[in-house]
Structures are given as structure tokens and as C-alpha cells.
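Q: One structure, as C-alpha cells, below. Some questions next.
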Amino acid sequence: MVATTEAAPAGTARTAAYEDAVTIAVEDLPKLDAPVKMRTRGLKLWYGDKQALTGINLDIPLNRVTAFIGPSGCGKTTLLKCLNRMNDTIDTVRIEGRVGLDGADINDRSVDVVQLRARVGMVFQKPNPFPKSVYDNVAYGPRIHGLAGNRAELDAIVERSLRRAGLWDEVSGRLDGVATGLSGGQQQRLCIARTIAVSPEVILMDEPCSALDPISTARIEELIDELRENYTIVIVTHNLQQAARVSQYTAFFHLGRLIEVDGTAEVFQSPRHAMTEDYITGRFG
Amino acid sequence: MAGAPTSLHMGAAAQRRLRRRYAREFRFKAVSLGALGLMALFLVGFIGGIVAKGWSGFVTTEIRLDVTYSERHVDAGDPAGGGFRPIVVEALRKVIPEATERDDMRALLGLVSNGGFVAVRDAVAEDPSLVGKAVEIWVPAASDIDMLVKGHVDRGLPEDRRRTDDRTIGFVDRLEAAGDIRATFNWDFFTTGDSREPELAGIGGAVLGSFWMLLVTFLVSFPTGVAAAVFLEEFAPRKKWVDVIEVNINNLAAVPSIVFGLLGLAVFLNVMHLPRSAPVVGGLTLALMTLPTIVIATRAALKGVPPSIREAALGLGASPAQVVSHHVLPLALPRLLTGAIVGMAQALGESAPLLMIGMVAFIVDLPSGPMDAATALPVQIYLWADSPERGFVEKTSAAIVVLLAFLVAMNGVAVYLRQRFEIRW
Ligand SMILES: Nc1ncnc2c1ncn2[C@@H]1O[C@H](COP(=O)(O)OP(=O)(O)OP(=O)(O)O)[C@@H](O)[C@H]1O
Ligand SMILES: [Mg+2]
């Protein structure tokens, strides 16, 4: 079902080939070197009448970093939000298909969405700390989920999370300072600390570095690499070098379809689909 | 210059375009500035006029009496039951000894307000040991005398066209010459209720009435309005019926206040049989009127909270109710309170609905709770403005000053809250 490896001819023919491309079938999914943590099967999503996802089949491996790439508007954020049901908050959204976490359907009526979001945390494109103190930002998740029995435990969680996010040295002296006073890069690392303070199993990151300078970006990439040992990570990025650097698996999307998914090295060095090749070589997108 | 590169933005034509643009800009600025000036002028004229007229309402004229509580008039066993008119006349005759005729007596008695006789009585009633002794008491002058002393009586008019005759004017001049007349700040104005006599009338009853009323209004409309707005904004599904409710709330905010008065009359008085003229009824009626304002203000405040904060909390696993109570409401609070205070200020200045529910009665006693009969500030202004006595003219202005002071204070609090607590992104 996947298109040929030959590059399509330039111009209209190539565009036509893009339009004909279909989303990857289950049997074409790559072999993974790790157990599946999350999986989608035939996932379709509509915003009102407009279809944004057209039957996505995708496996997300445990303790690996999976990168979502693709041109703007292809549905990366939409798919990411399906993984922890953040789309529930939009009234016009209609979803078909299955999204599994450890084999259980997360859209099942028995699933508590609050608990699901504790297991599948999210870091957003724009840093969005609460306008409270640094401490309260990190402590918020543990507090609402009742993860700390007393203040000392909470302190420990906050410190551990900030350390893991590589922010402790910079903010340990001003935990009571308001978080919106931090720099953009610090804020984003704070948001990551806030997410890992809840001890999720999966962390979804939607272009976490798009608003950051190269140094902050490098720190967060380092951080992602460290976090991989304990967490399953999905990252959306427009920065292909970043995808190549931090991820083990890469999925390429176009117009709501999953065009190609494989090990990151394979996707970048020998893409199977012409569209992927065009995208990563900068010929479109 | 020949050979110089020509640009579309240089040269005579371009200069002309530029000049025209600046001319238009200048006219635009001039018109806006003119409008602002007009408004400032109006404001200064209005406030200035009210304050200039009103300030003398805060001042009252007092007459000094050298009172002797002789046993002839006051019985030590029952001091309050004495005859105080002769005592007052005797006191005044110490300054004007030749006033002995019947007409003179009448004129002397007319100098002192009814409240003056009460003051003379109360002094001895409180301290019966005064019987047989002499004391100095400053008592309020009658309203006509107050007006005369403040210069509101034209002495040039023929006697039969004035409220004060020549004889009285003569007496007043004598007292003034003797230093027995003074103007003092009228503290009683703030602590007493209404009266038929302008010099005794106070705004205290109306202020208390307005206070009880606004308390009821706030306690009813604030929680209800905020809760309704939170539901509409945060929890309600985007369905047809929500739109219908929204349109209706906006319409409700535009309904003339007198209609709310009619509603209050029909529901609270005729059906629920709550006491007439009571602040509780006024408060409930004004709550109906304020509710849409608060709902609209709250929704605007909630809309002002960036969606990224909601996403952040939801993404951490907060439930929708936690998102609202932990993040959205606290962040919306300054703007929400501002809206509520503006709504309360509107309610404070409202008179039409209160007329419908009978809060327009003449009430002397201070209300001690929302169930007591009372008036409110704007209604008191209306009542006084309607009174024929000259003395009520300045009381009306003084009451307006008090009402304006409250409104300015409330709006000041609103501005302060917004400046102090609003978080900006
Ligand atoms: N709330 C929404 N209502 C309606 N349409 C939406 C909504 N959110 C996204 N869409 C549409 O769904 C499609 C996919 O959007 P999505 O945000 O997932 O793209 P994306 O791949 O994340 O793009 P980008 O790289 O620019 O962030 C787009 O065509 C977009 O216009
Ligand atoms: Mg996106």
C-alpha cells in the first residue's frame, strides 16, 4: 500500500502522487525494538465537518522518543492531543477509532480522563506556567493527585522534578518567585518539571523548543534524552535536525495521513516514500 | 536635480500627499481633543455646581442660649416634663430684654428650631441636677433663620414677600452682634434620619437604607451571577439553548430599571408579601437588575483568562471544576470584582424601581436591618428636591454630594483592584 521508493517526477505529477498517498496500514508498521506503550488504530478525527485525521495506525514504543514531523496543518498537534484526550475540551470534535494505552482503550467510558492525563502528561508549544510561584507550579500536579503525604515529601518531589528538568540550580534560590518572571527557556523547563512531577508514563511535547534560543533548545534536547530512560516521549517538531538528534522513531504526516513511520535513521537516510524525501530535503513543506 | 534617482516617495506630488495626510491627522486630533475638553468642562461645571450649592448644606446655624432651669418651669422629680418654651424665651431675653409683647414672644420662639427645644429638654433630662442652675447651650436655629444667616434671604424685598419679617431680622442681627450665632459643621446631618424641618433632616437614614439594600443586592446577585456565568462560560456545551440564554441575558441588561421595579412590586410585595418600604425588597429588586451586569462582567473576565492556563491545568490532570476554582476564577477575580462594583454603583444610584416598591415613604427612624422601613440615597434626593421649603434645596445638593462621594469611592476601589491585582501576560 505504501508508495514506491522511486522519486516521483517533478511538478504536477508529483503533486498528484501526494494527493493519492494513503495513510499507512497496520501491516506496514515497522518492527519496534521495544514494547508498544500506546497505539492508535483507524483513528479518525473531525473538527465539525472538516476531517483532520484520516485513520491513523501508529505504535508508540516504550522508553523511546518518537518524533512527529510534517508540514504545518497536517494534524500533528491534533494526533498528539488524541493521546491524552485534550481534544475532549473542543465541542466540535468527533473521534472514531481506537487509542490504546498499555492495551486499554483510553476513549472507553470506564476510563477516567483525569487519571489518564496524570499518566499521559503534556508540554505545550508556548511555555504556559501558572502565574504563581515556581514552587506552586511544580507542586500543583502532585497536590491535586494527592501524591505527597506531607510538606517534606512535596518539597522532595519539587526538588527532584526541577533537578531532572535541569532547572534546579537556576531557581533553587527563588522558589517563591513568580514563575512568569523566568526567561522563556526557563519557563519551558519549568513546564517540563511540572509535568514530570506528576510521574506520568508518557510525555507528549508539542514543539517544546519553537520559542527558544539554541542554548535553551540544546538543554531541553539533553533533557529529553535523559528522560527517555524512564518515560515514553512523543515530540512534535518542525526542526528536522532536532528530530534526528533526539528521536529513535520518526513519523511523517501529510494532510491528516501518516505517510511514513520508521526508525529515525531509516526515515532520514532512506525514506521509503517520495514525499518524505522531499520534505526532509526541503523540497516542499 | 537631474540624474538623481527618482522615488515615488520624494518630489512635489509626494510632499503634497504628505501634507494632506498631516492636515487630516491634525483635524482628527483636534476634534478628539475638543470632545475631551467639552467633557472635562461639563464635569467640572457639574461637580463644581453641585459642591458649591451643597457645601452650605453641611453647615448649620446655631444659637447660644443662656438657659436657666428655674424650678418655676422644671420640676426636679420630672425634668423632662417641664415647660421649655418659657425657658428659651427667657434665655433669649437676656440678649434682647425689650422683647416683651406677644408678637415679640412669637418671633423669639420662631428663632429656635423644634430640635432646639428638644435639646434644651434633653440636657436637663439627662442631668436633673441642672434644675435651678444656668447653663450655656448651643441649639439649632430654625430653617428660616439658617437661610437668613447664610444670606439666602433677600432683605431688600418688601416685608410681605419674605418668609422672615423685619422684627425677626432685627432679633437675629442683635444675636449676631452679641456673638450668639455661629455656623458649625452639621455632623448630625450624617447620623439622623429624615425630618419635616430642613434644619433637622439628615442623610443617615438614607445612607443606612442604601447600605442594607446594597448588602442584600450583593449577597443575592454576586454569587448567583458569578455561578451562572461560570457555568455558561466554562461548563455549558455550545448548544442552541446556551445561545438563547446568552441573548436573553444581554437583553435583560438593557431592560429599563422601572420594569424591574414593577416586577419587584408584583413578586416580592404582592405574592411574597414582604414588608413594604423595606431594604430587603429594594435589594432583591436591584439584585434582579444587577444580575445581568454581573453575569456579563464575569463572562468577560473569564474570557480574559488565557486558554493556555486552562490547557496547562487540564494537561496535568485537573478536573474541569479544579481548573475553574484553582486557576480561572482567581485570575478573573480582579476584573470580575471590578464589574461587580460597577454594577453595585449602578444599583446605588437607581431610584425608579424603588419608587415602584414604595421605598419613597417619609421615614424618620434609622433602619436597623433590612426588614425595617427605609429610604435610599437617590430616593431621599428625590424627596427633598420635591419639598417646597428653601432649606431643602441645599440639603438636596448636600445629599447629591454624599451620593457622588459614595459612587466615586466605589469606582475608586474598582480601579484600585484592577491596578493592584490584575496579572498581565
Ligand atoms: N480547534 C480547531 N477547530 C477547527 N479546526 C482545527 C482546530 N484545530 C486544528 N484544526 C485544523 O486541523 C488541521 C490540523 O491541525 P493541527 O493543529 O493538528 O496541525 P499541526 O500539524 O499541528 O500544524 P502546525 O505544525 O502548524 O502546528 C488543520 O487544518 C487545522 O486548521
Ligand atoms: Mg501544531
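In the C-alpha cells, each chain is lettered A, B, ... as it comes, each chain's residues begin at 1, and ligands are numbered from 1 in order of appearance.
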Enumerate as a PDB file with C-alpha atoms, in the first residue's frame the residues within 9 Å of ligand 1, counting only C-alpha atoms and all ligand atoms.

A:
ATOM      1  CA  TRP A  46     -13.265  15.685  12.565  1.00  0.00           C
ATOM      2  CA  TYR A  47     -13.439  19.320  13.602  1.00  0.00           C
ATOM      3  CA  GLY A  48     -17.098  19.853  12.754  1.00  0.00           C
ATOM      4  CA  LYS A  50     -13.577  19.090   8.487  1.00  0.00           C
ATOM      5  CA  GLN A  51     -11.631  15.864   8.770  1.00  0.00           C
ATOM      6  CA  ALA A  52      -8.221  16.378  10.360  1.00  0.00           C
ATOM      7  CA  LEU A  53      -7.097  12.753  10.812  1.00  0.00           C
ATOM      8  CA  PHE A  68       6.123  13.658  14.631  1.00  0.00           C
ATOM      9  CA  ILE A  69       7.141  15.699  11.612  1.00  0.00           C
ATOM     10  CA  GLY A  70       5.241  17.134   8.677  1.00  0.00           C
ATOM     11  CA  PRO A  71       4.110  20.386   7.124  1.00  0.00           C
ATOM     12  CA  SER A  72       2.025  22.854   9.030  1.00  0.00           C
ATOM     13  CA  GLY A  73      -1.609  21.876   9.429  1.00  0.00           C
ATOM     14  CA  CYS A  74      -1.040  18.178   8.751  1.00  0.00           C
ATOM     15  CA  GLY A  75      -2.532  17.118  12.077  1.00  0.00           C
ATOM     16  CA  LYS A  76       0.464  16.543  14.347  1.00  0.00           C
ATOM     17  CA  THR A  77      -0.937  18.527  17.249  1.00  0.00           C
ATOM     18  CA  THR A  78      -4.352  17.020  16.695  1.00  0.00           C
ATOM     19  CA  LEU A  79      -2.979  13.484  16.922  1.00  0.00           C
ATOM     20  CA  LEU A  80      -0.862  14.356  19.949  1.00  0.00           C
ATOM     21  CA  LYS A  81      -3.890  15.680  21.761  1.00  0.00           C
ATOM     22  CA  ASN A  87      -9.496  17.255  22.332  1.00  0.00           C
ATOM     23  CA  ILE A  90     -13.385  21.157  21.999  1.00  0.00           C
ATOM     24  CA  ASP A  91     -17.110  20.735  21.435  1.00  0.00           C
ATOM     25  CA  THR A  92     -16.996  20.278  17.680  1.00  0.00           C
ATOM     26  CA  VAL A  93     -14.548  17.374  17.747  1.00  0.00           C
ATOM     27  CA  GLN A 125       4.358  24.719  22.374  1.00  0.00           C
ATOM     28  CA  ASP A 206       4.223  19.865  21.142  1.00  0.00           C
ATOM     29  CA  GLU A 207       7.093  21.823  19.587  1.00  0.00           C
ATOM     30  CA  VAL A 236       6.244  17.235  17.605  1.00  0.00           C
ATOM     31  CA  THR A 237       8.878  19.314  15.898  1.00  0.00           C
ATOM     32  CA  HIS A 238       9.431  21.417  12.795  1.00  0.00           C
ATOM     33  CA  PHE A 253       2.362  13.191   8.355  1.00  0.00           C
ATOM     34  CA  HIS A 254       0.674  14.970   5.493  1.00  0.00           C
ATOM     35  CA  LEU A 255      -2.900  16.256   5.313  1.00  0.00           C
ATOM     36  CA  GLY A 256      -4.107  14.132   8.182  1.00  0.00           C
TER      37      GLY A 256
END

Q: Where does chain A meet chain B within 7 Å, residue by residue, with the nearest atom pair and distance in Å to one decimal for each, counting only C-alpha atoms, listed by chain and rising number, as CSV?

A:
residue,atom,partner,partner_atom,distance
A:Asp91,CA,B:Arg238,CA,6.7
A:Val114,CA,B:Gly317,CA,4.6
A:Gln115,CA,B:Gly317,CA,6.5
A:Arg117,CA,B:Gly317,CA,4.7
A:Ala118,CA,B:Gly317,CA,5.1
A:Gly121,CA,B:Gly315,CA,6.0
A:Met122,CA,B:Gly315,CA,5.6
A:Asn128,CA,B:Ser308,CA,6.0
A:Phe130,CA,B:Ile309,CA,6.4
A:Gly141,CA,B:Leu316,CA,5.8
A:Ile144,CA,B:Ala318,CA,6.8
A:Thr195,CA,B:Leu316,CA,6.5

Q: As a ChimeraX atom specification, please: the residues near stretch 150-163 of chain B (cut-off 10 Å, only C-alpha atoms, same-chain neighbours under 5 positions excluded).

A: /B:56,59-61,144-145,168-169,183,390-391

Q: Leaving out stretch 200-204 of chain A and any residue of its chain fewer than 2 positions from it, which residues lie within 6 Å of it when counting only C-alpha atoms, given as a VMD selection string?

A: chain A and resid 118 to 122 198 231 to 234

Q: Could you take the residues named above and write them with N, CA and C atoms, as a PDB file, in the first residue's frame?

A:
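Heads up, here's the output in result_15.pdb:
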ATOM      1  N   ALA A 118      -2.969  12.203  34.057  1.00  0.00           N
ATOM      2  CA  ALA A 118      -1.873  12.049  35.002  1.00  0.00           C
ATOM      3  C   ALA A 118      -0.865  11.037  34.447  1.00  0.00           C
ATOM      4  N   ARG A 119      -1.372  10.053  33.698  1.00  0.00           N
ATOM      5  CA  ARG A 119      -0.464   9.035  33.140  1.00  0.00           C
ATOM      6  C   ARG A 119       0.187   9.510  31.848  1.00  0.00           C
ATOM      7  N   VAL A 120      -0.548  10.331  31.095  1.00  0.00           N
ATOM      8  CA  VAL A 120      -0.018  10.855  29.837  1.00  0.00           C
ATOM      9  C   VAL A 120       0.031  12.371  29.945  1.00  0.00           C
ATOM     10  N   GLY A 121       1.203  12.899  30.299  1.00  0.00           N
ATOM     11  CA  GLY A 121       1.333  14.337  30.519  1.00  0.00           C
ATOM     12  C   GLY A 121       1.641  15.065  29.226  1.00  0.00           C
ATOM     13  N   MET A 122       1.503  16.405  29.279  1.00  0.00           N
ATOM     14  CA  MET A 122       1.697  17.166  28.047  1.00  0.00           C
ATOM     15  C   MET A 122       2.476  18.446  28.311  1.00  0.00           C
ATOM     16  N   VAL A 198       4.296  14.889  38.220  1.00  0.00           N
ATOM     17  CA  VAL A 198       3.134  14.011  38.375  1.00  0.00           C
ATOM     18  C   VAL A 198       3.526  12.552  38.116  1.00  0.00           C
ATOM     19  N   TYR A 231      10.667   7.442  30.760  1.00  0.00           N
ATOM     20  CA  TYR A 231       9.386   7.833  30.186  1.00  0.00           C
ATOM     21  C   TYR A 231       9.332   7.486  28.708  1.00  0.00           C
ATOM     22  N   THR A 232       8.103   7.376  28.241  1.00  0.00           N
ATOM     23  CA  THR A 232       7.890   7.270  26.807  1.00  0.00           C
ATOM     24  C   THR A 232       7.582   8.675  26.316  1.00  0.00           C
ATOM     25  N   ILE A 233       8.283   9.109  25.270  1.00  0.00           N
ATOM     26  CA  ILE A 233       8.156  10.507  24.860  1.00  0.00           C
ATOM     27  C   ILE A 233       7.709  10.607  23.407  1.00  0.00           C
ATOM     28  N   VAL A 234       6.738  11.487  23.173  1.00  0.00           N
ATOM     29  CA  VAL A 234       6.348  11.825  21.810  1.00  0.00           C
ATOM     30  C   VAL A 234       6.594  13.311  21.641  1.00  0.00           C
TER      31      VAL A 234
END

Q: Write out as a ChimeraX atom specification the set of residues from stretch 52-226 of chain B that DSSP, computed on the backbone, places in strand (DSSP E or B).

A: /B:59-68,75,78,112,134-141,181-185

Q: Would you pick out the contacts of stretch 160-174 of chain A at 8 Å or less, using only C-alpha atoms, so that residues sharing its chain but fewer than 2 positions from it are not included, and give the list as a PyMOL selection string?

A: chain A and resi 134+138+156-158+176-177+186+189-190+192-194+196-197+219-220+223+227

Q: Apply DSSP to the backbone of this structure and, from stretch 177-395 of chain B, keep only the residues in helix (DSSP H, G or I); write these as number ranges by chain.

A: B: 177, 188-191, 198-200, 204-235, 240-253, 257-271, 279-303, 307-315, 320-349, 352-356, 377-385, 391-395

Q: May I have the residues within 7 Å of stretch 62-79 of chain B as a compact mmCIF listing (two decimals) with N, CA, C and O atoms, in the first residue's frame, using only C-alpha atoms and disregarding those fewer than 3 positions away in the same chain?

A:
# COMPACT_ATOMS: atom_id res chain seq x y z
N GLY B 82 -41.06 69.44 81.90
CA GLY B 82 -41.14 70.87 82.15
C GLY B 82 -41.67 71.67 80.98
O GLY B 82 -41.90 71.15 79.89
N GLY B 83 -41.87 73.00 81.19
CA GLY B 83 -42.28 73.87 80.10
C GLY B 83 -41.05 74.58 79.57
O GLY B 83 -40.50 75.46 80.22
N ILE B 87 -38.58 78.90 79.09
CA ILE B 87 -37.15 78.88 79.42
C ILE B 87 -36.34 79.44 78.27
O ILE B 87 -35.43 80.26 78.46
N VAL B 88 -36.70 79.02 77.04
CA VAL B 88 -35.98 79.50 75.86
C VAL B 88 -36.19 81.00 75.69
O VAL B 88 -35.25 81.77 75.44
N ALA B 91 -34.17 82.88 78.10
CA ALA B 91 -32.76 82.87 77.72
C ALA B 91 -32.49 83.91 76.65
O ALA B 91 -31.49 84.64 76.71
N LEU B 92 -33.40 83.99 75.66
CA LEU B 92 -33.19 84.94 74.57
C LEU B 92 -33.34 86.39 75.06
O LEU B 92 -32.68 87.30 74.56
N VAL B 124 -31.49 68.73 80.43
CA VAL B 124 -31.89 68.62 81.84
C VAL B 124 -32.42 67.22 82.15
O VAL B 124 -32.29 66.73 83.27
N ALA B 125 -32.99 66.58 81.16
CA ALA B 125 -33.50 65.22 81.40
C ALA B 125 -32.33 64.28 81.70
O ALA B 125 -32.44 63.37 82.51
N PRO B 128 -30.57 65.83 85.85
CA PRO B 128 -31.57 66.57 86.63
C PRO B 128 -30.95 67.53 87.64
O PRO B 128 -31.63 68.43 88.14
N LEU B 130 -29.25 69.85 87.02
CA LEU B 130 -29.22 71.19 86.43
C LEU B 130 -30.38 72.07 86.90
O LEU B 130 -30.34 73.28 86.73
N VAL B 131 -31.42 71.43 87.44
CA VAL B 131 -32.60 72.21 87.85
C VAL B 131 -32.19 73.26 88.86
O VAL B 131 -31.48 72.95 89.83
N GLY B 132 -32.58 74.51 88.58
CA GLY B 132 -32.20 75.60 89.44
C GLY B 132 -30.89 76.24 89.04
O GLY B 132 -30.49 77.25 89.58
N LYS B 133 -30.22 75.67 88.04
CA LYS B 133 -28.93 76.23 87.63
C LYS B 133 -29.02 76.81 86.23
O LYS B 133 -30.00 76.61 85.51
N ALA B 134 -27.96 77.53 85.84
CA ALA B 134 -27.90 78.10 84.50
C ALA B 134 -26.79 77.40 83.71
O ALA B 134 -25.73 77.10 84.26
N VAL B 135 -27.08 77.12 82.44
CA VAL B 135 -26.05 76.53 81.57
C VAL B 135 -26.11 77.21 80.21
O VAL B 135 -27.13 77.77 79.82
N GLU B 136 -24.97 77.07 79.50
CA GLU B 136 -24.94 77.59 78.14
C GLU B 136 -25.15 76.42 77.18
O GLU B 136 -24.46 75.41 77.27
N ILE B 137 -26.12 76.56 76.25
CA ILE B 137 -26.37 75.51 75.26
C ILE B 137 -26.43 76.15 73.88
O ILE B 137 -27.08 77.17 73.70
N TRP B 138 -25.73 75.50 72.92
CA TRP B 138 -25.88 75.92 71.52
C TRP B 138 -26.97 75.05 70.91
O TRP B 138 -26.88 73.84 70.94
N VAL B 139 -28.02 75.68 70.37
CA VAL B 139 -29.12 74.89 69.79
C VAL B 139 -29.28 75.28 68.33
O VAL B 139 -28.95 76.40 67.93
N PRO B 140 -29.80 74.34 67.50
CA PRO B 140 -30.00 74.65 66.09
C PRO B 140 -31.05 75.75 65.91
O PRO B 140 -32.06 75.78 66.60
N ALA B 141 -30.76 76.64 64.96
CA ALA B 141 -31.72 77.68 64.63
C ALA B 141 -32.78 77.12 63.70
O ALA B 141 -32.57 76.11 63.04
N ASP B 180 -23.89 85.50 69.54
CA ASP B 180 -24.67 84.35 69.97
C ASP B 180 -25.15 83.49 68.81
O ASP B 180 -25.97 82.60 68.99
N ILE B 181 -24.65 83.77 67.62
CA ILE B 181 -25.00 82.94 66.46
C ILE B 181 -23.71 82.47 65.82
O ILE B 181 -22.76 83.25 65.65
N ARG B 182 -23.67 81.17 65.51
CA ARG B 182 -22.46 80.65 64.85
C ARG B 182 -22.86 79.62 63.80
O ARG B 182 -23.96 79.05 63.86
N ALA B 183 -21.95 79.39 62.87
CA ALA B 183 -22.15 78.33 61.88
C ALA B 183 -21.22 77.18 62.23
O ALA B 183 -20.03 77.40 62.42
